[in-house]
Every structure is written in C-alpha cells, then in structure tokens.
Amino acid sequence: MTLRTERIRTLEQVRAFLDGNEAADFVLADRDSAYVLVRRTLERFGYHHRPGRSDKGLLRAYLAKVTGLSRAQLTRLIAQHRRTGDIRDRRRKPPANAFQRRYTPRDVALLAEVDDAYGRLSGPATKEILRRQYEVHRDGRFERLARISNGHIHNLRARRDYRLGALSLDKTRPVQVSIGVRRRPDPQGRPGFVRVDTVHQGDLNGEKGLYALNVVDQVTQFEHIGAVVRITEHFLPPVIEDLLSAFPFRVEGFHADNGSEYINHRVARMLEKLHISEFTKSRPRRSNDNALVESRNGAIVRGWLGRAHIPADHAPAVNGFLRDHLCPFLNFHRPCLFPSEVEGPRGRIKKRYRQQDVATPYESSSRSPMPRTSSVTASPSNSPTRPPRPPRASMPPRPSAWPAASCSETSPTPAPPPREEPDEEPLKSRRTPRPLRAVPPASTLLPDAKPTPRPHLGPRPPSGSSPYWKRLGERPPGASEEWIGAGLETLAVRATRARP
C-alpha cells in the first residue's frame, strides 16, 4: 500500500487525518523512506519556527502514526534535522578508518566446529589443537587459526556468529568444595568450639620462616600455640591433633578460614577421627567470623615472637618453648576480658566488659556456664542474669599467694580450686577428655637451673621496646646457633617475671 501525504498541508487536515484513522496503524518497511517523509513534513509545516507546543505535539503524533517510529526515535530525528538540516541513517555507514579483521566468519565457524568435537576445552588446549591441525595434519583451513592467541579465542567465542554455529554453550562452573560448612559457629555458651589460624614468621634471603598455629577456644579463651616447618599435609595435621588434645575439655567445633591448609580431606579425616562433629569455615566478606583468633595473633603471637624472621629449622625449639612455658602462662596466669551481653530497652544487644568478669582461662573454665544475655531493665527476680560473684573471703585460696621466686626456686604444686558441677547432666563424650591439671606456679614453668647469661645478648630492653625475637633476626655477624637458644631462654624468663 502506498500512502500519499502531499495533499496534507494544514494543521486542520492533519487533525482530521488523525481523527479519521484512529484505529489504523501504518508501518514503513523502508527506513530511508521514513526518514525522507519525516524531513519533508518538518520542512512543509515549518516545525522549528512554530511557537506553539500544541502544534508541534500534533505534528509529532502525525509522524508517529504514518511512520511507525517511536517517540524517542522521532525526538532524535528532529534534533538531527535542527542541527544539520537533513536526516540520514548513520548506522549503515562504515567507519572512516575501520580495522581489518584477521579472522573471517569462516574461521569462527571452524572454531565452533573444533569446540563441538573436543568439548570446548580451555584456551591453551584449544590453541594447541589448532596449531597441530595446521602444522601436523597439514589442514589448510587452520592457517590463520594456528597463530591465534589464548585471549582472542575467548573473543571469538563471544561473537554472535559463533553462538549461532556452536552446538553447546557452557559457562565456567565454579568449584564446589564440600569440606566444612560456611557459617559462623554458635557455641551457645559451651566450651569446646575452637578457632584456628596460622601466623608466618617471615622470609629472609629466600629462606622460609616457621609457621605458628594458634588455636583459641571461643568461650573460655583457652589457647594453645604450636610451631611447624611448613603448612603442608605432612607437617600440619599431627600438630593440630596435639593442640586439640591439649584442651581440658572435649572439642566439639573447629572453625578456620578458607585456607587450603585447613580445608582439605586429610584435616577433615583427622577431625572425624577425633569425633569433632562441627567443621565450619568463614563466610566471604565477613571478617568478624574469625575475629577472636585474629586478635590473639597480634596480641600473643606477635607480642611474644615478634615479626622478625625465625628460621624454619628452629621449629622444634620454638615449639618446646610454646608448649612448656608460654601456653601454661597464658592459660593459668594471664587474665582475660570476657564480654557480657546486655539487652537495651529497644532490644539491641551490646557487649560490656566489666571488671568482675576479668579472669584467667582456667578460672573461666571452672565456673558455671554463663547465660547468653541479660537485661538492664528487668528485675533481678525474673531475669536470667549472671549470679553475683561470691565475696573473696569465701573463695578458695588463689594462686596469686605464691611467692614471686626466681628461676632457681621451686615450690610444691597446690591443688586446683574445686570445680562446680552444673545442674544438668553433662554430655557424654565418645572420647575421654584430658582432665584439668593442677595450676603450676610461675616459678615452675622453667627448669631449676637459671639460664646462663650470654654476653652478646646485652642488657634487658626497657618496657615497651621490641621483643627479643625482633632482635633475634638482627643477630651480629659471626654469632653461633647458641644465640637462638639464648633467646628462647630469655623469653622463658620473661614468662616467669610476668604478673600472674
């Protein structure tokens, strides 16, 4: 059908045409004809010189009716005519300096055929197949594809003609690791849910330093630290098993970050052997999932071992110091702050660190389990608040009464304070937990003999200075290996001199 609009020259005729053909729609198959019609109509009615917006709106509705163009398309065409005085289709014009295509549509179809035959392999594997097809099998069709790069293979796979010719299109599937549950552990006030992390003691001249393993219980803050040469499946699981067996209660949960040193099948089998039922790992973009052990890495591991390089071959000596001296000091003599969750009037739970909640991990494990929350607005009669701490006169004698003796003094090991039994029956463990040992005095954490002073160690640094392990990485030239042993003995002296 041919639509002749040359006789429509006034706005009244345009309005009559729109009223008479309200139910009819016109669509021009040729885009160039539509552009010519829009240009002639704008020039015939003087569209750009008309002051009234109603007249322009009437002409826009007329052009949309006879051409089938949308309102946005008409707006762009009218703006182009106002700037240039003409309307042209710029999309079909090739660029002035077009890049020459090296790979033709035939090459893209050939690549799709290769991918269908081999199952869409990776970029390097596909590149090797294309090269062998031309150089080994002498197939002339692969002359251009034989020199294609790995990245351009993926560019050709993203083209539309490749998608039309390929039989199957599969995206890269993410690797699903079924080891561990990705969530934050919730101990519900029960001890036995530990968190683990690794601290590296740096490299020096291409030599790897040792790795410190830090395991902390979330509720009681019992902490055990070990040292390994490498974080591989050969060295790591035996040390983890020893650290978990050192806790005085049953370990029920094991939480780690997403490092491959912990998320592997050998560690999972070890935890299953120890009857640890809950194996969790941190969630992405949730830095607080493992915040407790991260804070202990800076306060304990870095504070005592420093940040300097410690050679990996000294891991047995460092491990002995951590097991025999530092860990007993941390668990029996170093006080920790325990939070109390307080619910405000609007229901928001906040954590408060009160003075009466300060205790050592050993004292915390001997107490009754604390409730999860308390309310500042509830009365003491109906709120599950924590029972008040008994007066000091009724408490058993504390280990602080031990004399602050030197390394050569010894004292008998006193009996631990009596542990209160909970009201409910405790869970029966399939593995017999290690019983709580007696609290050793600070003077018995070291051998009886006082360490021999080393002349090259120098005097004791003032308070607040760098730890001895920092000076350990700066040992003078020509110093023997006894320098390392002297540093360990000095750290042990500091452990005994610390306040209980």
# chains A, B, ... in the order shown; residues from 1 in each chain; ligands from 1
>>> residues_around(residues="Glu113 (chain A)", least_positions_apart="3", cutoff="8 Å", atoms="only C-alpha atoms", output="short mmCIF file (atom, residue, chain, number, x, y, z; two decimals) with N, CA and C atoms, in the first residue's frame")
data_model
loop_
_atom_site.label_atom_id
_atom_site.label_comp_id
_atom_site.auth_asym_id
_atom_site.auth_seq_id
_atom_site.Cartn_x
_atom_site.Cartn_y
_atom_site.Cartn_z
N ALA A 109 33.35 -20.13 12.40
CA ALA A 109 32.58 -21.37 12.28
C ALA A 109 33.48 -22.60 12.45
N LEU A 110 34.74 -22.50 11.99
CA LEU A 110 35.67 -23.60 12.15
C LEU A 110 36.04 -23.80 13.63
N ASP A 116 32.94 -28.13 19.37
CA ASP A 116 31.92 -29.17 19.46
C ASP A 116 32.54 -30.57 19.43
N ALA A 117 33.63 -30.71 18.70
CA ALA A 117 34.25 -32.03 18.60
C ALA A 117 35.04 -32.39 19.86
N GLY A 165 26.59 -20.92 15.48
CA GLY A 165 27.13 -22.13 14.88
C GLY A 165 27.50 -23.21 15.87
N ALA A 166 27.72 -22.86 17.15
CA ALA A 166 28.10 -23.86 18.15
C ALA A 166 26.89 -24.69 18.57
#
>>> atom_distance(atom1="CA of Arg144 (chain A)", atom2="CA of Leu156 (chain A)")
13.1 Å
>>> select_by_dssp(residues="region 61-287 of chain A", states="strand (DSSP E)", output="PyMOL selection string")
chain A and resi 181-182+193-200+203-204+207-208+211-217+223-228+253-256+278-281
>>> select_by_dssp(residues="region 162-404 of chain A", states="alpha helix (DSSP H)", output="PyMOL selection string")
chain A and resi 162-165+236-245+265-273+291-296+302-305+315-321+327-332+361-366
>>> write_last_selection(atoms="N, CA and C atoms", output="compact mmCIF listing (two decimals), in the first residue's frame")
# COMPACT_ATOMS: atom_id res chain seq x y z
N TYR A 162 29.52 -17.14 16.32
CA TYR A 162 29.99 -18.36 16.99
C TYR A 162 28.84 -19.00 17.77
N ARG A 163 28.05 -18.20 18.43
CA ARG A 163 26.94 -18.75 19.21
C ARG A 163 25.88 -19.39 18.32
N LEU A 164 25.73 -18.87 17.12
CA LEU A 164 24.77 -19.46 16.21
C LEU A 164 25.26 -20.78 15.62
N GLY A 165 26.59 -20.92 15.48
CA GLY A 165 27.13 -22.13 14.88
C GLY A 165 27.50 -23.21 15.87
N LEU A 236 51.24 -30.37 59.12
CA LEU A 236 50.18 -29.67 59.84
C LEU A 236 49.25 -30.58 60.65
N PRO A 237 48.65 -31.64 60.09
CA PRO A 237 47.66 -32.42 60.87
C PRO A 237 48.19 -33.00 62.17
N PRO A 238 49.44 -33.52 62.27
CA PRO A 238 49.88 -34.01 63.58
C PRO A 238 49.94 -32.93 64.65
N VAL A 239 50.37 -31.72 64.26
CA VAL A 239 50.44 -30.63 65.25
C VAL A 239 49.03 -30.19 65.64
N ILE A 240 48.11 -30.14 64.70
CA ILE A 240 46.73 -29.77 65.04
C ILE A 240 46.11 -30.78 66.00
N GLU A 241 46.38 -32.05 65.77
CA GLU A 241 45.84 -33.09 66.66
C GLU A 241 46.41 -32.95 68.06
N ASP A 242 47.70 -32.65 68.19
CA ASP A 242 48.29 -32.45 69.52
C ASP A 242 47.70 -31.23 70.22
N LEU A 243 47.49 -30.15 69.47
CA LEU A 243 46.93 -28.95 70.09
C LEU A 243 45.49 -29.17 70.54
N LEU A 244 44.70 -29.88 69.75
CA LEU A 244 43.31 -30.14 70.15
C LEU A 244 43.24 -31.09 71.34
N SER A 245 44.18 -32.02 71.44
CA SER A 245 44.18 -32.94 72.57
C SER A 245 44.65 -32.28 73.86
N HIS A 265 40.99 -32.76 52.71
CA HIS A 265 40.41 -34.03 53.14
C HIS A 265 41.19 -34.65 54.30
N ARG A 266 42.49 -34.39 54.39
CA ARG A 266 43.27 -35.00 55.47
C ARG A 266 42.88 -34.40 56.82
N VAL A 267 42.73 -33.09 56.88
CA VAL A 267 42.28 -32.46 58.13
C VAL A 267 40.85 -32.89 58.46
N ALA A 268 40.01 -33.04 57.44
CA ALA A 268 38.63 -33.49 57.70
C ALA A 268 38.62 -34.90 58.27
N ARG A 269 39.48 -35.78 57.76
CA ARG A 269 39.54 -37.14 58.31
C ARG A 269 40.08 -37.14 59.73
N MET A 270 41.04 -36.25 60.02
CA MET A 270 41.57 -36.16 61.37
C MET A 270 40.50 -35.70 62.35
N LEU A 271 39.69 -34.70 61.96
CA LEU A 271 38.62 -34.23 62.84
C LEU A 271 37.55 -35.30 63.03
N GLU A 272 37.30 -36.07 62.00
CA GLU A 272 36.34 -37.16 62.14
C GLU A 272 36.87 -38.25 63.08
N LYS A 273 38.17 -38.48 63.05
CA LYS A 273 38.77 -39.46 63.96
C LYS A 273 38.68 -38.99 65.41
N ALA A 291 37.36 -13.36 64.21
CA ALA A 291 37.99 -12.18 64.80
C ALA A 291 38.75 -12.51 66.08
N LEU A 292 38.28 -13.49 66.86
CA LEU A 292 38.94 -13.78 68.14
C LEU A 292 40.37 -14.25 67.94
N VAL A 293 40.58 -15.21 67.07
CA VAL A 293 41.93 -15.72 66.87
C VAL A 293 42.79 -14.70 66.12
N GLU A 294 42.19 -13.86 65.30
CA GLU A 294 42.97 -12.81 64.63
C GLU A 294 43.51 -11.80 65.63
N SER A 295 42.68 -11.43 66.61
CA SER A 295 43.17 -10.51 67.64
C SER A 295 44.24 -11.16 68.51
N ARG A 296 44.12 -12.47 68.77
CA ARG A 296 45.15 -13.16 69.54
C ARG A 296 46.45 -13.28 68.75
N ARG A 302 52.41 -12.26 67.91
CA ARG A 302 53.31 -11.17 67.53
C ARG A 302 53.92 -10.49 68.74
N GLY A 303 53.19 -10.45 69.84
CA GLY A 303 53.74 -9.80 71.03
C GLY A 303 54.88 -10.58 71.66
N TRP A 304 54.87 -11.93 71.55
CA TRP A 304 55.92 -12.74 72.17
C TRP A 304 56.97 -13.21 71.18
N LEU A 305 56.57 -13.53 69.98
CA LEU A 305 57.54 -13.99 68.98
C LEU A 305 58.01 -12.89 68.05
N ALA A 315 61.97 -24.74 64.49
CA ALA A 315 60.59 -25.02 64.89
C ALA A 315 60.50 -25.94 66.09
N PRO A 316 61.31 -27.02 66.22
CA PRO A 316 61.21 -27.85 67.43
C PRO A 316 61.53 -27.10 68.71
N ALA A 317 62.55 -26.23 68.69
CA ALA A 317 62.90 -25.47 69.89
C ALA A 317 61.80 -24.48 70.25
N VAL A 318 61.26 -23.78 69.24
CA VAL A 318 60.18 -22.82 69.50
C VAL A 318 58.93 -23.55 69.97
N ASN A 319 58.67 -24.72 69.40
CA ASN A 319 57.51 -25.49 69.82
C ASN A 319 57.62 -25.94 71.27
N GLY A 320 58.83 -26.31 71.69
CA GLY A 320 59.02 -26.68 73.09
C GLY A 320 58.81 -25.51 74.02
N PHE A 321 59.28 -24.32 73.63
CA PHE A 321 59.05 -23.15 74.47
C PHE A 321 57.56 -22.82 74.56
N CYS A 327 52.26 -21.37 76.77
CA CYS A 327 50.86 -21.78 76.87
C CYS A 327 50.40 -21.96 78.31
N PRO A 328 51.18 -22.60 79.21
CA PRO A 328 50.74 -22.61 80.63
C PRO A 328 50.61 -21.23 81.23
N PHE A 329 51.50 -20.32 80.86
CA PHE A 329 51.39 -18.95 81.38
C PHE A 329 50.12 -18.27 80.88
N LEU A 330 49.77 -18.46 79.61
CA LEU A 330 48.58 -17.82 79.07
C LEU A 330 47.30 -18.38 79.69
N ASN A 331 47.24 -19.67 79.92
CA ASN A 331 46.01 -20.30 80.38
C ASN A 331 45.81 -20.24 81.89
N PHE A 332 46.90 -20.11 82.66
CA PHE A 332 46.77 -20.16 84.12
C PHE A 332 47.13 -18.86 84.82
N PRO A 361 41.77 -17.97 81.75
CA PRO A 361 41.02 -19.03 81.07
C PRO A 361 40.74 -20.23 81.97
N TYR A 362 41.68 -20.55 82.88
CA TYR A 362 41.45 -21.68 83.79
C TYR A 362 40.31 -21.38 84.74
N GLU A 363 40.26 -20.17 85.30
CA GLU A 363 39.16 -19.79 86.17
C GLU A 363 37.84 -19.74 85.42
N SER A 364 37.87 -19.30 84.17
CA SER A 364 36.65 -19.24 83.38
C SER A 364 36.10 -20.63 83.09
N SER A 365 36.99 -21.59 82.83
CA SER A 365 36.52 -22.96 82.57
C SER A 365 36.00 -23.63 83.82
N SER A 366 36.41 -23.17 85.02
CA SER A 366 35.96 -23.77 86.27
C SER A 366 34.62 -23.24 86.73
>>> closest_residue(among="A:Glu143, A:Asp257, A:Glu128, A:Glu223", to="Arg182 (chain A)", atoms="only C-alpha atoms")
A:Asp257
>>> atom_distance(atom1="CA of Arg346 (chain A)", atom2="CA of Asp289 (chain A)")
25.5 Å
>>> decode(residues="region 186-207 of chain A", atoms="N, CA, C and O atoms", output="PDB file, in the first residue's frame")
ATOM      1  N   ASP A 186      28.269 -21.133  66.558  1.00  0.00           N
ATOM      2  CA  ASP A 186      27.431 -20.630  67.654  1.00  0.00           C
ATOM      3  C   ASP A 186      27.533 -21.606  68.816  1.00  0.00           C
ATOM      4  O   ASP A 186      26.798 -22.592  68.887  1.00  0.00           O
ATOM      5  N   PRO A 187      28.454 -21.383  69.767  1.00  0.00           N
ATOM      6  CA  PRO A 187      28.658 -22.370  70.840  1.00  0.00           C
ATOM      7  C   PRO A 187      27.565 -22.392  71.883  1.00  0.00           C
ATOM      8  O   PRO A 187      27.517 -23.323  72.695  1.00  0.00           O
ATOM      9  N   GLN A 188      26.685 -21.377  71.950  1.00  0.00           N
ATOM     10  CA  GLN A 188      25.617 -21.315  72.954  1.00  0.00           C
ATOM     11  C   GLN A 188      26.180 -21.348  74.382  1.00  0.00           C
ATOM     12  O   GLN A 188      25.602 -21.955  75.281  1.00  0.00           O
ATOM     13  N   GLY A 189      27.312 -20.691  74.613  1.00  0.00           N
ATOM     14  CA  GLY A 189      27.906 -20.640  75.942  1.00  0.00           C
ATOM     15  C   GLY A 189      28.637 -21.886  76.366  1.00  0.00           C
ATOM     16  O   GLY A 189      29.065 -21.978  77.524  1.00  0.00           O
ATOM     17  N   ARG A 190      28.833 -22.867  75.508  1.00  0.00           N
ATOM     18  CA  ARG A 190      29.512 -24.117  75.855  1.00  0.00           C
ATOM     19  C   ARG A 190      30.962 -24.064  75.401  1.00  0.00           C
ATOM     20  O   ARG A 190      31.242 -23.628  74.281  1.00  0.00           O
ATOM     21  N   PRO A 191      31.885 -24.492  76.216  1.00  0.00           N
ATOM     22  CA  PRO A 191      33.280 -24.557  75.761  1.00  0.00           C
ATOM     23  C   PRO A 191      33.471 -25.720  74.799  1.00  0.00           C
ATOM     24  O   PRO A 191      32.691 -26.671  74.774  1.00  0.00           O
ATOM     25  N   GLY A 192      34.528 -25.639  74.010  1.00  0.00           N
ATOM     26  CA  GLY A 192      34.839 -26.702  73.076  1.00  0.00           C
ATOM     27  C   GLY A 192      34.714 -26.308  71.621  1.00  0.00           C
ATOM     28  O   GLY A 192      34.900 -27.155  70.751  1.00  0.00           O
ATOM     29  N   PHE A 193      34.432 -25.054  71.321  1.00  0.00           N
ATOM     30  CA  PHE A 193      34.345 -24.569  69.950  1.00  0.00           C
ATOM     31  C   PHE A 193      35.564 -23.682  69.693  1.00  0.00           C
ATOM     32  O   PHE A 193      35.607 -22.531  70.144  1.00  0.00           O
ATOM     33  N   VAL A 194      36.556 -24.231  69.022  1.00  0.00           N
ATOM     34  CA  VAL A 194      37.845 -23.567  68.874  1.00  0.00           C
ATOM     35  C   VAL A 194      37.938 -22.927  67.496  1.00  0.00           C
ATOM     36  O   VAL A 194      37.248 -23.315  66.545  1.00  0.00           O
ATOM     37  N   ARG A 195      38.806 -21.937  67.422  1.00  0.00           N
ATOM     38  CA  ARG A 195      39.117 -21.234  66.183  1.00  0.00           C
ATOM     39  C   ARG A 195      40.618 -21.331  65.952  1.00  0.00           C
ATOM     40  O   ARG A 195      41.404 -21.228  66.895  1.00  0.00           O
ATOM     41  N   VAL A 196      41.012 -21.484  64.707  1.00  0.00           N
ATOM     42  CA  VAL A 196      42.407 -21.737  64.381  1.00  0.00           C
ATOM     43  C   VAL A 196      42.841 -20.792  63.267  1.00  0.00           C
ATOM     44  O   VAL A 196      42.042 -20.406  62.411  1.00  0.00           O
ATOM     45  N   ASP A 197      44.111 -20.388  63.332  1.00  0.00           N
ATOM     46  CA  ASP A 197      44.699 -19.539  62.294  1.00  0.00           C
ATOM     47  C   ASP A 197      46.206 -19.748  62.294  1.00  0.00           C
ATOM     48  O   ASP A 197      46.777 -20.295  63.257  1.00  0.00           O
ATOM     49  N   THR A 198      46.862 -19.314  61.229  1.00  0.00           N
ATOM     50  CA  THR A 198      48.292 -19.501  61.040  1.00  0.00           C
ATOM     51  C   THR A 198      48.977 -18.153  60.950  1.00  0.00           C
ATOM     52  O   THR A 198      48.459 -17.221  60.324  1.00  0.00           O
ATOM     53  N   VAL A 199      50.141 -18.040  61.578  1.00  0.00           N
ATOM     54  CA  VAL A 199      50.960 -16.835  61.544  1.00  0.00           C
ATOM     55  C   VAL A 199      52.321 -17.210  60.988  1.00  0.00           C
ATOM     56  O   VAL A 199      52.977 -18.123  61.508  1.00  0.00           O
ATOM     57  N   HIS A 200      52.755 -16.516  59.952  1.00  0.00           N
ATOM     58  CA  HIS A 200      54.049 -16.796  59.324  1.00  0.00           C
ATOM     59  C   HIS A 200      55.095 -15.831  59.870  1.00  0.00           C
ATOM     60  O   HIS A 200      54.847 -14.627  59.967  1.00  0.00           O
ATOM     61  N   GLN A 201      56.262 -16.370  60.199  1.00  0.00           N
ATOM     62  CA  GLN A 201      57.341 -15.567  60.763  1.00  0.00           C
ATOM     63  C   GLN A 201      58.301 -15.064  59.693  1.00  0.00           C
ATOM     64  O   GLN A 201      59.493 -14.943  59.940  1.00  0.00           O
ATOM     65  N   GLY A 202      57.807 -14.768  58.534  1.00  0.00           N
ATOM     66  CA  GLY A 202      58.558 -14.035  57.529  1.00  0.00           C
ATOM     67  C   GLY A 202      59.609 -14.853  56.802  1.00  0.00           C
ATOM     68  O   GLY A 202      59.954 -15.967  57.177  1.00  0.00           O
ATOM     69  N   ASP A 203      60.134 -14.259  55.719  1.00  0.00           N
ATOM     70  CA  ASP A 203      61.209 -14.836  54.920  1.00  0.00           C
ATOM     71  C   ASP A 203      62.434 -13.939  55.008  1.00  0.00           C
ATOM     72  O   ASP A 203      62.334 -12.723  55.213  1.00  0.00           O
ATOM     73  N   LEU A 204      63.612 -14.531  54.813  1.00  0.00           N
ATOM     74  CA  LEU A 204      64.872 -13.792  54.851  1.00  0.00           C
ATOM     75  C   LEU A 204      65.843 -14.426  53.866  1.00  0.00           C
ATOM     76  O   LEU A 204      66.189 -15.605  54.001  1.00  0.00           O
ATOM     77  N   ASN A 205      66.215 -13.634  52.867  1.00  0.00           N
ATOM     78  CA  ASN A 205      67.172 -14.083  51.845  1.00  0.00           C
ATOM     79  C   ASN A 205      66.709 -15.368  51.163  1.00  0.00           C
ATOM     80  O   ASN A 205      67.491 -16.306  50.942  1.00  0.00           O
ATOM     81  N   GLY A 206      65.430 -15.440  50.848  1.00  0.00           N
ATOM     82  CA  GLY A 206      64.881 -16.608  50.184  1.00  0.00           C
ATOM     83  C   GLY A 206      64.632 -17.801  51.078  1.00  0.00           C
ATOM     84  O   GLY A 206      64.208 -18.856  50.584  1.00  0.00           O
ATOM     85  N   GLU A 207      64.881 -17.688  52.372  1.00  0.00           N
ATOM     86  CA  GLU A 207      64.680 -18.794  53.309  1.00  0.00           C
ATOM     87  C   GLU A 207      63.357 -18.603  54.030  1.00  0.00           C
ATOM     88  O   GLU A 207      63.083 -17.542  54.607  1.00  0.00           O
TER      89      GLU A 207
END
